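Student: Just my_file_23.txt, nothing more (compact mmCIF, C-alpha atoms):
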```txt
# COMPACT_ATOMS: atom_id res chain seq x y z
CA MET A 10 33.13 15.35 8.41
CA SER A 11 36.83 16.19 8.67
CA PHE A 12 38.78 16.84 11.87
CA ALA A 13 38.23 20.56 11.27
CA GLU A 14 34.45 20.02 11.24
CA GLU A 15 34.11 18.14 14.53
CA GLN A 16 31.74 19.72 17.04
CA TYR A 17 31.13 19.62 20.77
CA VAL A 18 27.59 18.84 21.88
CA ILE A 19 26.95 20.00 25.45
CA ARG A 20 23.99 19.85 27.77
CA GLY A 21 24.24 22.38 30.60
CA GLY A 22 22.80 22.80 34.04
CA LYS A 23 24.83 20.23 35.98
CA PRO A 24 27.37 21.29 38.65
CA LEU A 25 30.87 19.94 37.98
CA GLU A 26 32.27 17.84 40.83
CA GLY A 27 35.37 15.72 41.36
CA GLU A 28 39.04 16.05 40.45
CA VAL A 29 40.85 17.09 37.29
CA VAL A 30 44.57 16.85 36.48
CA ILE A 31 46.05 19.78 34.56
CA ALA A 32 48.41 19.14 31.63
CA GLY A 33 51.76 20.79 30.92
CA ALA A 34 51.74 24.44 29.87
CA LYS A 35 51.17 24.80 26.13
CA ASN A 36 52.88 28.19 25.94
CA ALA A 37 55.97 26.92 27.79
CA ALA A 38 56.04 23.71 25.75
CA LEU A 39 56.16 25.56 22.43
CA GLY A 40 59.22 27.57 23.47
CA ILE A 41 60.92 24.55 25.03
CA LEU A 42 60.33 22.25 22.04
CA ALA A 43 61.83 24.86 19.72
CA ALA A 44 64.81 25.41 22.06
CA ALA A 45 65.47 21.65 22.17
CA VAL A 46 66.87 21.73 18.60
CA MET A 47 69.67 24.11 19.69
CA THR A 48 71.90 21.18 20.72
CA ASP A 49 73.08 18.19 18.70
CA GLU A 50 72.57 15.97 21.74
CA LYS A 51 69.36 14.23 22.81
CA VAL A 52 66.92 16.18 24.95
CA THR A 53 64.13 14.46 26.90
CA ILE A 54 61.09 16.61 27.70
CA GLU A 55 58.35 15.43 30.05
CA ASN A 56 54.84 16.75 30.75
CA VAL A 57 54.38 17.88 27.13
CA PRO A 58 50.67 18.64 26.63
CA TYR A 59 49.10 16.39 23.99
CA VAL A 60 47.40 19.16 22.01
CA SER A 61 47.40 20.00 18.32
CA ASP A 62 49.79 22.98 18.67
CA THR A 63 52.58 20.88 20.21
CA ARG A 64 52.07 18.02 17.76
CA THR A 65 52.17 20.46 14.84
CA LEU A 66 55.42 22.04 16.05
CA LEU A 67 57.01 18.61 16.60
CA LYS A 68 56.03 17.60 13.06
CA ALA A 69 57.61 20.80 11.71
CA ILE A 70 60.81 20.11 13.70
CA GLU A 71 60.94 16.60 12.25
CA ASN A 72 60.47 17.95 8.74
CA ILE A 73 63.68 20.02 8.97
CA GLY A 74 65.78 17.01 9.94
CA ALA A 75 65.48 16.63 13.72
CA THR A 76 64.48 13.28 15.19
CA VAL A 77 61.46 13.15 17.46
CA GLU A 78 60.68 10.05 19.49
CA TYR A 79 57.59 9.72 21.68
CA LEU A 80 58.41 7.70 24.82
CA ASP A 81 54.77 8.09 25.82
CA LYS A 82 51.93 10.52 25.17
CA HIS A 83 53.55 13.27 27.25
CA THR A 84 57.29 12.53 26.89
CA VAL A 85 59.39 13.24 23.80
CA VAL A 86 63.06 12.83 22.95
CA ILE A 87 64.34 15.37 20.43
CA CYS A 88 67.71 15.38 18.69
CA GLY A 89 68.50 18.38 16.51
CA LYS A 90 71.73 16.96 15.07
CA GLY A 91 70.21 16.21 11.67
CA ILE A 92 68.93 19.73 11.04
CA ARG A 93 70.49 20.97 7.84
CA GLU A 94 72.06 24.43 7.95
CA GLY A 95 70.21 26.80 5.67
CA GLN A 96 67.13 24.55 5.57
CA PRO A 97 63.98 26.71 5.16
CA VAL A 98 61.22 25.96 7.68
CA ASP A 99 58.11 26.16 5.55
CA ASP A 100 55.44 23.51 5.27
CA GLU A 101 51.76 22.96 5.89
CA TYR A 102 52.46 22.45 9.60
CA ILE A 103 54.54 25.50 10.44
CA ARG A 104 52.11 28.06 9.03
CA ARG A 105 49.32 26.76 11.29
CA ILE A 106 50.78 27.99 14.56
CA ARG A 107 51.94 31.27 16.00
CA ALA A 108 54.82 29.72 17.94
CA SER A 109 56.64 28.73 14.75
CA TYR A 110 58.54 32.00 15.20
CA TYR A 111 60.47 30.46 18.11
CA LEU A 112 62.41 28.45 15.54
CA ILE A 113 63.89 31.75 14.28
CA GLY A 114 65.66 32.42 17.60
CA ALA A 115 66.63 28.76 18.04
CA LEU A 116 68.11 28.31 14.54
CA LEU A 117 69.70 31.76 14.43
CA GLY A 118 71.49 31.01 17.70
CA LYS A 119 72.60 27.54 16.56
CA HIS A 120 73.43 28.04 12.87
CA LYS A 121 73.56 31.86 12.53
CA TYR A 122 70.84 31.44 9.90
CA ALA A 123 67.07 30.96 10.00
CA ASN A 124 64.48 31.00 7.22
CA VAL A 125 61.06 30.43 8.78
CA ALA A 126 57.56 30.85 7.32
CA LEU A 127 55.53 33.51 9.08
CA PRO A 128 52.98 31.96 11.39
CA GLY A 129 49.22 31.59 11.69
CA GLY A 130 47.38 30.56 14.88
CA CYS A 131 44.33 32.35 16.26
CA ASP A 132 43.06 35.54 14.70
CA ILE A 133 42.92 37.75 17.78
CA GLY A 134 44.38 40.85 16.24
CA SER A 135 47.76 42.21 15.31
CA ARG A 136 50.71 40.39 16.85
CA PRO A 137 53.64 41.85 14.92
CA ILE A 138 57.12 40.43 15.25
CA ASP A 139 58.92 43.76 14.95
CA LEU A 140 60.26 43.45 18.53
CA HIS A 141 61.71 40.03 17.69
CA ILE A 142 63.41 41.50 14.59
CA LYS A 143 64.76 44.47 16.58
CA GLY A 144 66.28 42.05 19.11
CA PHE A 145 67.89 39.83 16.46
CA GLU A 146 69.38 42.89 14.73
CA LYS A 147 70.83 44.15 18.02
CA LEU A 148 72.53 40.74 18.36
CA GLY A 149 74.18 41.28 14.99
CA ALA A 150 71.77 39.60 12.57
CA GLU A 151 70.41 40.97 9.33
CA THR A 152 66.71 40.26 8.81
CA GLU A 153 64.45 40.34 5.79
CA ILE A 154 60.85 39.37 5.11
CA VAL A 155 60.90 37.62 1.73
CA SER A 156 58.20 36.89 -0.81
CA GLY A 157 55.94 34.02 0.16
CA GLY A 158 55.74 35.27 3.73
CA SER A 159 58.97 34.03 5.34
CA ILE A 160 61.47 35.77 7.57
CA VAL A 161 65.20 35.28 6.99
CA ALA A 162 67.62 36.14 9.80
CA GLN A 163 71.36 35.61 9.33
CA ALA A 164 74.68 36.73 10.77
CA LYS A 165 78.37 36.07 10.23
CA GLU A 166 78.76 36.37 13.99
CA LEU A 167 76.34 37.12 16.81
CA HIS A 168 77.32 39.15 19.85
CA GLY A 169 75.82 40.21 23.17
CA ALA A 170 73.82 43.44 23.25
CA HIS A 171 71.67 45.71 25.42
CA ILE A 172 68.07 45.32 24.23
CA TYR A 173 65.12 47.37 25.47
CA LEU A 174 61.68 46.08 24.45
CA ASP A 175 59.33 49.00 23.69
CA THR A 176 56.38 46.93 24.91
CA VAL A 177 56.28 43.80 27.04
CA SER A 178 56.30 40.82 24.66
CA VAL A 179 56.37 37.17 25.72
CA GLY A 180 57.30 35.95 22.23
CA ALA A 181 60.11 38.46 21.74
CA THR A 182 61.52 37.82 25.22
CA ILE A 183 61.72 34.05 24.59
CA ASN A 184 63.04 34.40 21.04
CA ILE A 185 65.80 36.88 21.96
CA MET A 186 66.72 34.82 25.03
CA MET A 187 67.23 31.73 22.85
CA ALA A 188 69.40 33.48 20.25
CA ALA A 189 71.39 35.29 22.97
CA SER A 190 72.18 31.98 24.71
CA LEU A 191 74.64 31.17 21.90
CA SER A 192 75.78 34.76 21.21
CA PRO A 193 79.25 35.51 22.67
CA GLY A 194 79.25 38.23 25.33
CA LYS A 195 76.58 39.56 27.64
CA THR A 196 73.02 40.36 26.60
CA THR A 197 70.62 42.39 28.75
CA ILE A 198 66.91 42.32 27.91
CA GLU A 199 65.06 45.20 29.60
CA ASN A 200 61.28 45.46 29.96
CA ALA A 201 61.22 41.68 29.55
CA ALA A 202 58.01 39.70 29.99
CA LYS A 203 57.68 37.95 33.37
CA GLU A 204 55.18 35.16 32.63
CA PRO A 205 55.75 31.73 34.23
CA HIS A 206 56.53 30.21 30.84
CA ILE A 207 59.40 32.70 30.34
CA VAL A 208 60.91 31.30 33.54
CA ASP A 209 60.29 27.74 32.36
CA VAL A 210 62.03 28.27 29.00
CA ALA A 211 64.97 29.98 30.77
CA ASN A 212 65.24 27.12 33.26
CA PHE A 213 65.20 24.63 30.39
CA LEU A 214 67.95 26.49 28.51
CA ASN A 215 70.01 26.64 31.72
CA THR A 216 69.58 22.87 32.11
CA MET A 217 71.11 22.59 28.62
CA GLY A 218 74.09 24.69 29.73
CA ALA A 219 72.94 28.26 29.01
CA ASN A 220 73.70 31.08 31.44
CA ILE A 221 70.48 33.07 31.97
CA LYS A 222 69.68 35.07 35.09
CA GLY A 223 66.70 37.23 36.04
CA ALA A 224 63.91 35.36 34.22
CA GLY A 225 60.65 36.26 35.97
CA THR A 226 61.82 39.87 36.47
CA ASP A 227 61.78 42.69 33.93
CA VAL A 228 65.56 42.50 33.38
CA ILE A 229 67.02 39.26 31.99
CA ARG A 230 70.79 38.84 31.68
CA VAL A 231 72.23 36.25 29.32
CA ARG A 232 75.91 35.37 29.04
CA GLY A 233 76.46 33.57 25.76
CA VAL A 234 77.98 30.08 25.85
CA GLU A 235 79.79 28.19 23.08
CA LYS A 236 77.31 25.33 22.83
CA LEU A 237 74.40 23.66 24.57
CA HIS A 238 74.16 20.00 25.62
CA GLY A 239 71.51 17.33 26.16
CA ALA A 240 69.17 17.50 29.14
CA GLU A 241 66.05 16.12 30.79
CA TYR A 242 63.30 18.53 31.75
CA SER A 243 59.66 18.56 32.89
CA ILE A 244 57.32 21.36 31.77
CA ILE A 245 55.34 23.38 34.34
CA PRO A 246 51.53 22.97 34.60
CA ASP A 247 49.28 25.08 32.36
CA GLN A 248 47.89 28.06 34.29
CA ILE A 249 45.31 28.81 31.58
CA GLU A 250 43.91 25.28 31.45
CA ALA A 251 43.72 25.42 35.27
CA GLY A 252 42.02 28.82 35.15
CA THR A 253 39.53 27.54 32.57
CA PHE A 254 38.49 24.65 34.84
CA MET A 255 38.27 27.08 37.78
CA ALA A 256 35.93 29.31 35.76
CA MET A 257 33.91 26.31 34.59
CA THR A 258 33.45 25.14 38.18
CA VAL A 259 32.19 28.57 39.27
CA ALA A 260 29.85 28.92 36.25
CA THR A 261 28.19 25.57 37.02
CA ARG A 262 28.18 26.16 40.82
CA GLY A 263 30.35 23.09 41.30
CA ASN A 264 33.08 21.80 43.62
CA VAL A 265 36.29 20.64 41.90
CA LEU A 266 39.82 19.84 43.07
CA ILE A 267 42.20 21.01 40.32
CA LYS A 268 45.46 19.05 40.57
CA ASN A 269 48.99 19.53 39.22
CA VAL A 270 49.02 23.33 39.42
CA ILE A 271 51.29 26.02 40.86
CA PRO A 272 48.82 28.09 42.95
CA LYS A 273 51.00 31.23 42.79
CA HIS A 274 50.57 31.31 39.01
CA LEU A 275 46.79 31.40 39.51
CA GLU A 276 46.62 34.28 42.01
CA ALA A 277 45.16 36.87 39.61
CA ILE A 278 42.41 34.41 38.57
CA SER A 279 41.75 33.15 42.12
CA SER A 280 41.37 36.66 43.54
CA LYS A 281 38.78 37.65 40.90
CA LEU A 282 36.75 34.47 41.47
CA VAL A 283 36.79 35.13 45.23
CA GLU A 284 35.64 38.73 44.57
CA MET A 285 32.71 37.24 42.66
CA GLY A 286 31.70 35.11 45.64
CA ALA A 287 33.42 31.79 44.89
CA HIS A 288 35.64 29.91 47.37
CA VAL A 289 39.22 29.00 46.45
CA ILE A 290 41.37 26.87 48.76
CA GLU A 291 45.07 26.58 47.88
CA TYR A 292 47.20 23.51 48.62
CA ASP A 293 50.82 22.80 47.67
CA ASP A 294 50.13 21.67 44.11
CA SER A 295 46.34 21.90 43.77
CA VAL A 296 43.41 24.25 44.34
CA ARG A 297 39.83 23.50 45.31
CA VAL A 298 37.19 25.75 43.76
CA MET A 299 33.60 25.92 45.01
CA ALA A 300 30.63 28.14 44.24
CA ASP A 301 27.04 27.80 45.37
CA GLY A 302 25.35 31.19 45.77
CA VAL A 303 24.73 34.27 43.66
CA LEU A 304 27.81 35.55 41.80
CA LYS A 305 28.73 39.23 42.09
CA ALA A 306 29.78 41.55 39.27
CA THR A 307 33.37 42.80 39.17
CA GLN A 308 35.86 44.63 36.95
CA ILE A 309 38.73 42.99 35.10
CA LYS A 310 41.58 44.54 33.12
CA THR A 311 44.03 42.30 31.31
CA LEU A 312 47.69 43.07 31.94
CA PRO A 313 51.06 41.34 31.49
CA TYR A 314 51.94 38.87 34.28
CA PRO A 315 51.45 39.10 37.24
CA GLY A 316 48.33 40.98 36.11
CA PHE A 317 45.17 39.30 34.90
CA PRO A 318 45.98 37.11 31.86
CA THR A 319 44.49 38.03 28.49
CA ASP A 320 44.14 34.27 27.84
CA MET A 321 41.49 34.11 30.63
CA GLN A 322 39.50 37.18 29.61
CA ALA A 323 36.85 35.40 27.49
CA GLN A 324 36.31 32.63 30.06
CA MET A 325 35.71 35.18 32.84
CA ALA A 326 33.33 37.18 30.65
CA ALA A 327 31.26 34.01 30.21
CA ILE A 328 30.80 33.76 33.99
CA LEU A 329 30.27 37.50 34.50
CA GLY A 330 27.33 37.23 32.09
CA LEU A 331 25.62 35.22 34.87
CA ALA A 332 26.68 37.50 37.76
CA ASP A 333 24.42 39.93 39.62
CA GLY A 334 25.05 43.50 38.45
CA THR A 335 27.17 45.14 35.76
CA SER A 336 30.77 44.14 35.11
CA ILE A 337 33.39 45.78 32.89
CA VAL A 338 36.10 43.75 31.19
CA THR A 339 38.91 45.80 29.62
CA GLU A 340 41.32 44.19 27.15
CA SER A 341 44.69 45.94 27.04
CA ILE A 342 46.81 43.31 25.25
CA PHE A 343 45.07 42.31 21.98
CA GLU A 344 42.59 44.43 20.04
CA ASN A 345 40.43 41.70 18.52
CA ARG A 346 39.54 39.63 21.53
CA PHE A 347 35.80 40.25 21.87
CA ARG A 348 34.69 38.20 18.87
CA TYR A 349 32.99 35.73 21.22
CA VAL A 350 30.50 38.41 22.38
CA ALA A 351 28.11 37.78 19.47
CA GLU A 352 28.16 34.05 20.28
CA LEU A 353 27.35 34.59 23.98
CA ALA A 354 24.56 36.96 22.92
CA ARG A 355 22.91 34.03 21.08
CA MET A 356 22.61 32.36 24.49
CA GLY A 357 21.01 35.40 26.10
CA ALA A 358 24.08 37.23 27.43
CA LYS A 359 23.75 41.02 27.67
CA ILE A 360 27.12 42.38 26.56
CA ARG A 361 28.03 45.47 24.60
CA VAL A 362 31.52 46.37 23.44
CA GLU A 363 32.76 49.95 23.68
CA GLY A 364 36.31 50.39 22.39
CA ASN A 365 38.52 47.94 24.27
CA SER A 366 35.94 47.25 26.99
CA ALA A 367 32.98 44.91 27.28
CA ILE A 368 30.13 46.06 29.52
CA ILE A 369 28.33 42.99 30.83
CA THR A 370 24.92 43.14 32.51
CA GLY A 371 24.27 39.90 34.33
CA THR A 372 21.37 37.69 33.35
CA LYS A 373 19.89 34.82 35.38
CA LYS A 374 20.44 32.11 32.79
CA TYR A 375 21.88 31.21 29.39
CA ASN A 376 19.96 29.10 26.90
CA GLY A 377 21.49 26.43 24.67
CA ALA A 378 22.35 27.49 21.11
CA THR A 379 24.42 26.64 18.05
CA LEU A 380 27.75 28.40 18.54
CA ARG A 381 31.01 28.92 16.64
CA ALA A 382 34.46 29.15 18.27
CA THR A 383 36.39 32.12 16.84
CA ASP A 384 39.70 31.35 18.57
CA LEU A 385 41.18 29.08 21.23
CA ARG A 386 40.15 30.94 24.41
CA ALA A 387 36.85 32.19 22.97
CA GLY A 388 36.05 28.54 22.27
CA ALA A 389 36.78 27.64 25.90
CA ALA A 390 34.46 30.46 27.00
CA LEU A 391 31.63 29.00 24.89
CA VAL A 392 32.15 25.58 26.50
CA ILE A 393 31.85 27.24 29.93
CA ALA A 394 28.67 29.07 28.93
CA ALA A 395 27.17 25.90 27.40
CA LEU A 396 27.86 23.91 30.59
CA ALA A 397 26.03 26.57 32.61
CA ALA A 398 23.11 26.96 30.17
CA ASN A 399 19.62 25.50 30.10
CA GLY A 400 19.28 23.02 27.29
CA VAL A 401 21.69 21.66 24.68
CA SER A 402 24.33 23.57 22.70
CA ASN A 403 26.62 22.57 19.88
CA ILE A 404 29.94 24.31 19.22
CA GLU A 405 31.48 24.41 15.75
CA ASN A 406 35.16 25.09 14.85
CA ILE A 407 36.46 23.09 17.81
CA GLN A 408 39.81 22.67 16.06
CA TYR A 409 40.67 26.02 17.69
CA ILE A 410 39.91 24.62 21.15
CA LYS A 411 41.94 21.47 20.51
CA ARG A 412 44.99 23.67 19.93
CA GLY A 413 45.31 24.23 23.67
CA TYR A 414 43.14 21.82 25.68
CA GLU A 415 44.08 18.18 26.05
CA GLU A 416 41.22 15.66 26.02
CA PHE A 417 38.85 18.48 26.92
CA ALA A 418 35.56 16.60 26.51
CA ASP A 419 36.88 13.59 28.47
CA LYS A 420 38.04 15.77 31.37
CA VAL A 421 34.72 17.63 31.53
CA SER A 422 32.75 14.37 31.32
CA ALA A 423 34.80 12.88 34.18
CA LEU A 424 33.56 15.81 36.33
CA GLY A 425 29.94 15.00 35.49
CA GLY A 426 29.59 17.51 32.67
CA MET A 427 27.50 16.36 29.72
CA MET A 428 29.86 17.00 26.80
CA LYS A 429 30.42 14.85 23.72
CA VAL A 430 32.40 15.07 20.47
CA ALA A 431 30.36 14.66 17.27
CA GLU A 432 32.14 13.85 14.03
CA ASN A 433 29.36 14.65 11.55
CA GLU A 434 26.02 16.45 11.33
CA GLN A 435 24.11 13.21 11.81
CA GLU A 436 26.05 12.59 15.04
CA VAL A 437 25.36 16.16 16.20
CA THR A 438 21.62 15.57 15.84
CA LYS A 439 21.83 12.15 17.50
CA LYS A 440 23.91 13.37 20.46
CA LYS A 441 21.67 16.40 20.94
CA LEU A 442 18.66 14.08 21.27
CA GLU A 443 20.57 11.75 23.61
CA LEU A 444 21.61 14.63 25.90
CA ALA A 445 18.20 16.31 25.78
CA SER A 446 16.56 13.11 27.02
CA ASN A 447 19.26 12.49 29.65
CA LEU A 448 17.39 14.09 32.54
```
Go ahead and render the structure in this file as structure tokens.
Tutor:
Amino acid sequence: MSFAEEQYVIRGGKPLEGEVVIAGAKNAALGILAAAVMTDEKVTIENVPYVSDTRTLLKAIENIGATVEYLDKHTVVICGKGIREGQPVDDEYIRRIRASYYLIGALLGKHKYANVALPGGCDIGSRPIDLHIKGFEKLGAETEIVSGGSIVAQAKELHGAHIYLDTVSVGATINIMMAASLSPGKTTIENAAKEPHIVDVANFLNTMGANIKGAGTDVIRVRGVEKLHGAEYSIIPDQIEAGTFMAMTVATRGNVLIKNVIPKHLEAISSKLVEMGAHVIEYDDSVRVMADGVLKATQIKTLPYPGFPTDMQAQMAAILGLADGTSIVTESIFENRFRYVAELARMGAKIRVEGNSAIITGTKKYNGATLRATDLRAGAALVIAALAANGVSNIENIQYIKRGYEEFADKVSALGGMMKVAENEQEVTKKKLELASNL
């Protein structure tokens, strides 16, 4: 069985208890790793999550001539000096991940030329890059999508510009911010995304010598500088990994201290869990989550930050399937994010999708089943449901889950959850029997 065929085998019904340490933010790391190539000097980045998305991007960066040195599992030193101008970024690695598009803004800013293969990642609906292209063109670049599925952006000179984003876009905000950092003059990005990882990428660029103000608000102002220099930087904690463990704790009626978090980034998630009857205690850099009684139904609508994150929608739906009453979950960011519903239904969930809403009628229990992850966060939702279910489940397509969760099975097991990785069908059968008899 190949890496892509590994499965999780999970026996549910045990409350999670203990402590878990959250890794660096995947979505911040992808922007920061791409931005690191914008200087010819060495950049040291700490708290890099050890997940397949970051390793894939680092491999792609190496393949275009940068040097990448791992000081340890979570610390890398990148030097972009060896990147060849005009070098196309197109290989087996780069097409695997959505965040490959950040190399367009980074290379356009640095070399006034980028040729990057259009990305893959999770299939959760249309995520066009027209806003990115509009921003690059405002900065003075010409763009073209060429045969083979690559985007070429080039300019004789870049210049500052006033850019209004028609819709809030995290990717476009980061990409334009990177290119604008090395574009002479002043750039204003209006209707900018406000997510914590936007702030983290801006802070990182500023550490390298950029001049960016207003990140975290809807108006970002960038004054272009001549060049960027080396820096040391530590990535913020991952709010979605933290939220996933919070949801998992509530689903299993556990008691877990979730460490290395920024509680403010979790407020939208915390408030919904409290509405459902859970207890959340905030400390300086950790939160304790507890749940013991009946969970109550609620309504959730995904919105750009500081609203409820689309990346937590599936995980919350998994818990709401066990809540008392009828809940409505409305997805306003991506149009294809309810593909997990059919999988939860195999476990006994009562969910119907109407347009961009899922109507969830709570049931008392889930039952173990054979499940298939359809994307990263849907996969996390299935893990949550399996940990709360009666009996044993196995989850296929876990390569999606490994894109964004570091040592997931180990972390769950350390909290008392019964979760194992199986490398072949024989192992799946063996581990199912082991967990079924582990009363």
Student: Find the residues around Asn36 of chain A up to 12 Å (all atoms listed in the file counted), leave out those fewer than 5 positions away in its own chain, and share them as JSON, numbers by chain.
Tutor: {"A": [41, 42, 43, 57, 58, 60, 62, 63, 66, 106, 107, 108, 109, 111, 179, 180, 183, 204, 205, 206, 207, 208, 209, 210, 244, 245, 246, 247, 248, 249, 250, 320, 412, 413, 414]}
Student: Atom CA of Leu127 of chain A and atom CA of Ala389 of chain A are how many Å apart?
Tutor: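 Spanning atom CA of Leu127 of chain A to atom CA of Ala389 of chain A is a straight-line distance of 25.9 Å.
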Student: Given the choices A:Lys90, A:Lys143, A:Arg64, A:Arg262, which gets closest to Thr76 of chain A if the distance is worked out from only C-alpha atoms?
Tutor: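 With only C-alpha atoms as the atom set, the closest residue is A:Lys90.
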Student: Using only C-alpha atoms, which of A:Met325, A:Val161, A:Val18, A:Ala44 sits nearest Ala418 of chain A?
Tutor: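 Of A:Met325, A:Val161, A:Val18, A:Ala44, the one nearest Ala418 of chain A, counting only C-alpha atoms, is A:Val18.
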Student: Would you please work out which residue, of A:Gln163, A:Ser336, A:Asn269, A:Thr53, is nearest to Leu116 of chain A when using all atoms listed in the file?
Tutor: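 Nearest to Leu116 of chain A: A:Gln163.
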Student: Near Ala423 of chain A, counting only C-alpha atoms, which residues have an atom at most 10 Å away, once you skip same-chain residues fewer than 4 positions from it, shown as a ChimeraX atom specification?
Tutor: /A:25-29,418-419,427-428
Student: So how many Å separate atom CA of Ala327 of chain A and atom CA of Ala382 of chain A, to one decimal?
Tutor: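 So the two atoms, atom CA of Ala327 of chain A and atom CA of Ala382 of chain A, lie 13.3 Å apart.
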Student: With only C-alpha atoms as the atoms that count, which of A:Lys439, A:Val289, A:Pro318, A:Ser295 lies nearest to Ala277 of chain A?
Tutor: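 Comparing A:Lys439, A:Val289, A:Pro318, A:Ser295 against Ala277 of chain A, the winner is A:Pro318.
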Student: Might you pull out every residue within 12 Å of segment 155-159 of chain A, with only C-alpha atoms counted and same-chain residues fewer than 2 positions away left off, and present them as a PyMOL selection string?
Tutor: chain A and resi 97-100+103-104+109-110+113+123-129+138+152-153+161-162
Student: Just how far from atom CA of Glu241 of chain A is atom CA of Val77 of chain A, in Å to one decimal?
Tutor: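 Spanning atom CA of Val77 of chain A to atom CA of Glu241 of chain A is a straight-line distance of 14.4 Å.
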Student: So, counting all atoms listed in the file, which residue among A:Ala398, A:Leu353, A:Gly21, A:Ala181 is closest to Arg381 of chain A?
Tutor: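 Residue with the minimum atom-to-atom distance to Arg381 of chain A: A:Leu353.
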Student: Using only C-alpha atoms, can you tell me which of A:Asn220, A:Thr307, A:Thr226, A:Thr372 comes closest to Ser192 of chain A?
Tutor: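 Closest residue, counting only C-alpha atoms: A:Asn220.
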